[in-house]
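Below is one structure, written out as structure tokens, with a few remarks after it.
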Amino acid sequence: MSNENYYDVTAWNIGNAHQDIGEVINSIIDDIKTRQTQTDINEGGKPGAVIYIPPGDYHLTTQVVIDISYLKIVGSGHGFTSSSIRFNTPQNEWADWHELWPGGSRILVDLTPHVGDEEHSAAAFYVKRDGNPRISSVEFADFCIDGLHFIGASDPENSYVNGKTGIYIASAQDSFRITGMGMVYLEHGAVIYNADALSIHDNFLAECGNCIELRGAGQASKITDNLIGAGYNGYSIYAENFGGLLVTANNVFPRGSSSVHFSGVIRSSITSNRFHSFYPGMLVLENNCSENMISSNHFFREREPWGPMQKYDNGLDDLYGLLYISGNNNSIVANHISETIEAQYIKPSGARPVVIRLVSGSGNYLSDNHIVATTEAANAQQIAKQSCFDTQVRALLTVDTLMPLDVTMVQVEKESLHNTILDSGSDAQVIVDKTVNAFRATPTPGM
């Protein structure tokens, strides 16, 4: 492809993309700004550009700083593979593996954060521009950002901590797109402030401390069709002070502290997702989240089945609730919620786990949620001998040996008033003050 606004990082005349792709991309952006100076030529003038990253490994030792609109940085493959499985496999077995490291168009983040650095200092891509109009239409597509290693004094590769970020967007922006990306072993995958009409679609963002964080405030954006999985001390999907956010058709893997965590989010939708978690607090609505629709999702919670990660959790007990709701006039309708956990692993010991917990607020509407709670005897010896994949698939597919588990399907705290709970648990399974809340029990056989 030949075009003055199309750049191949391997063919650029400044720097060496394999040694420091950051230097190369920054110099390309400088070239774009030098050539595209006029803001109004025949109702145009600044078309932007495409920067292409061919398949291969590219070290990044200089942060890429983006301050122009209409820029697309694109590769030819997200290149994701599990670093967690690799680092939890004895190194003497690596020699027999077909491949060891992520591939595709892969950026290796060699930035080193230091104590006292600003939050964005170890971000591979840092987007910031002041003034009007807002920076617009920057796209990241089809390449891999690899943080390489986590750090820590004990079991460092399972710490989910290294201070590195894949994409950090600090400025208010319009119509950004993150599509087809792979991100792995970053403490923060994508951190985005003040988003408007943002699309995060069809990415593979996993084994990061946090995957997607929408901060500041925002509106009219979507997180759709992604494969996502954060660490036990971080968020898979986090949003604050947002209106009109659509979270749909995502497959969220376990081990994130939460699958979705909303803070002050209004009039948004969480629909048709599959959520899998090893801990309580799968879905958290806090700080007056209001008028949100949570519908047609599948929630599944179980205990971590894979030996190397069983010592970690998110610090919450089973009285916290799988779904923790604090806010007003939210609709939680027609979800399927499955919890399978052996009785000896319930915390605190002997407690009756809570599935949906209305903590505070009013006017919330719960209806037709199907909750299935089961338990089985642990078989730790068999589990320990299996691979990560086999262990997790076995746990997912096991139903024949399950027995009913006594849980509280809905618990309405006294600070939460004037709610409606319909067909989401029997009289014995729902804790609610019927004098200040409307309640209709799910019919039980013979009743």
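Chain labels A, B, ... are given in the sequence in which chains occur in the structure tokens; within each chain residues are numbered consecutively from 1, and ligands are likewise numbered from 1 in the order shown.
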For this session: Taking the DSSP assignment computed from this structure's backbone, write out as a PyMOL selection string all residues of range 107-322 of chain A that belong to strand (DSSP E or B).
Result: chain A and resi 107-109+123-127+135-136+139-141+144-146+165-169+173-174+177-179+182-184+188-196+199-201+204-208+210-224+227-230+235-240+242-248+251-252+258-263+266+269-271+274-277+283-290+293-295+298-302
Exercise. Which polymer residues have any atom within 9 Å of an atom of Asn162 in chain A, counting only C-alpha atoms, with same-chain residues fewer than 5 positions away left out, as JSON, numbers by chain?
Worked result: {"A": [112, 113, 147, 149, 150, 151, 152, 185, 186, 187, 209]}
Problem set entry | Residue among A:Ser236, A:Leu245, A:Thr34, A:Glu213 lying closest to Asp196 in chain A, counting only C-alpha atoms |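 With only C-alpha atoms as the atom set, the closest residue is A:Leu245.
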For this session: Determine which residues of range 71-151 of chain A receive a DSSP assignment of helix (DSSP H, G or I), computed from the backbone, and state them as a list in words.
Result: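 Of range 71-151 of chain A, the ones in helix (DSSP H, G or I) are Ser83, Ser84, Ile85, Arg86, Phe87, Gln91, Asn92, Glu93, Trp94, Ala95, Asp96, Glu119, His120, Ser121 and Ala122 of chain A.
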Near range 402-408 of chain A, within 7 Å and counting only C-alpha atoms, which residues show up once chain neighbours fewer than 6 positions away are dropped, as a PDB file with N, CA and C atoms, in the first residue's frame?
```pdb
ATOM      1  N   ARG A 352     -24.810 -18.662  55.424  1.00  0.00           N
ATOM      2  CA  ARG A 352     -25.734 -18.894  54.316  1.00  0.00           C
ATOM      3  C   ARG A 352     -25.415 -17.857  53.242  1.00  0.00           C
ATOM      4  N   PRO A 353     -24.791 -18.242  52.133  1.00  0.00           N
ATOM      5  CA  PRO A 353     -24.368 -17.265  51.122  1.00  0.00           C
ATOM      6  C   PRO A 353     -25.532 -16.431  50.607  1.00  0.00           C
ATOM      7  N   VAL A 354     -25.223 -15.168  50.302  1.00  0.00           N
ATOM      8  CA  VAL A 354     -26.211 -14.242  49.760  1.00  0.00           C
ATOM      9  C   VAL A 354     -25.961 -14.084  48.267  1.00  0.00           C
ATOM     10  N   VAL A 355     -27.012 -14.212  47.473  1.00  0.00           N
ATOM     11  CA  VAL A 355     -26.865 -14.115  46.023  1.00  0.00           C
ATOM     12  C   VAL A 355     -27.088 -12.669  45.562  1.00  0.00           C
ATOM     13  N   ALA A 373     -28.443 -22.774  43.264  1.00  0.00           N
ATOM     14  CA  ALA A 373     -27.344 -22.868  44.223  1.00  0.00           C
ATOM     15  C   ALA A 373     -27.086 -24.326  44.549  1.00  0.00           C
ATOM     16  N   THR A 374     -25.840 -24.769  44.364  1.00  0.00           N
ATOM     17  CA  THR A 374     -25.503 -26.180  44.547  1.00  0.00           C
ATOM     18  C   THR A 374     -24.153 -26.333  45.224  1.00  0.00           C
ATOM     19  N   THR A 375     -23.878 -27.555  45.666  1.00  0.00           N
ATOM     20  CA  THR A 375     -22.609 -27.867  46.304  1.00  0.00           C
ATOM     21  C   THR A 375     -22.209 -29.281  45.929  1.00  0.00           C
ATOM     22  N   GLU A 376     -20.919 -29.579  46.089  1.00  0.00           N
ATOM     23  CA  GLU A 376     -20.440 -30.936  45.894  1.00  0.00           C
ATOM     24  C   GLU A 376     -19.205 -31.146  46.743  1.00  0.00           C
ATOM     25  N   GLN A 429     -36.336 -18.186  51.122  1.00  0.00           N
ATOM     26  CA  GLN A 429     -35.063 -17.834  50.496  1.00  0.00           C
ATOM     27  C   GLN A 429     -34.843 -16.333  50.355  1.00  0.00           C
ATOM     28  N   VAL A 430     -35.820 -15.530  50.720  1.00  0.00           N
ATOM     29  CA  VAL A 430     -35.729 -14.079  50.569  1.00  0.00           C
ATOM     30  C   VAL A 430     -35.887 -13.421  51.938  1.00  0.00           C
TER      31      VAL A 430
END
```
Problem set entry | Interatomic distance, CA of Pro305 in chain A to CA of Cys144 in chain A (Å, one decimal) |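 Between CA of Pro305 in chain A and CA of Cys144 in chain A the gap works out to 28.2 Å.
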Problem set entry | Selected residue, from A:Thr81, A:Thr62, A:Ser154, A:Asn328, that lies nearest to Glu99 in chain A when counting only C-alpha atoms |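 Ranking A:Thr81, A:Thr62, A:Ser154, A:Asn328 by distance to Glu99 in chain A, first place goes to A:Thr81.
Minimum atom-to-atom distance to Asp31 in chain A, evaluated using only C-alpha atoms, belongs to A:Tyr7 out of A:Gln19, A:Val252, A:Ser362, A:Tyr7.
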Problem set entry | Nearby residues (only C-alpha atoms) at most 12 Å from Asn330 in chain A, same-chain spacing under 5 positions excluded, as a PyMOL selection string | chain A and resi 265-270+285-286+288-295+324-325+358+360-367+419-421
Problem set entry | Distance query Val284 in chain A at most 12 Å, only C-alpha atoms, self and fewer than 4 positions along chain excluded, as a PyMOL selection string | chain A and resi 235-240+257-265+270+280+288-289+294+320-327+356-359
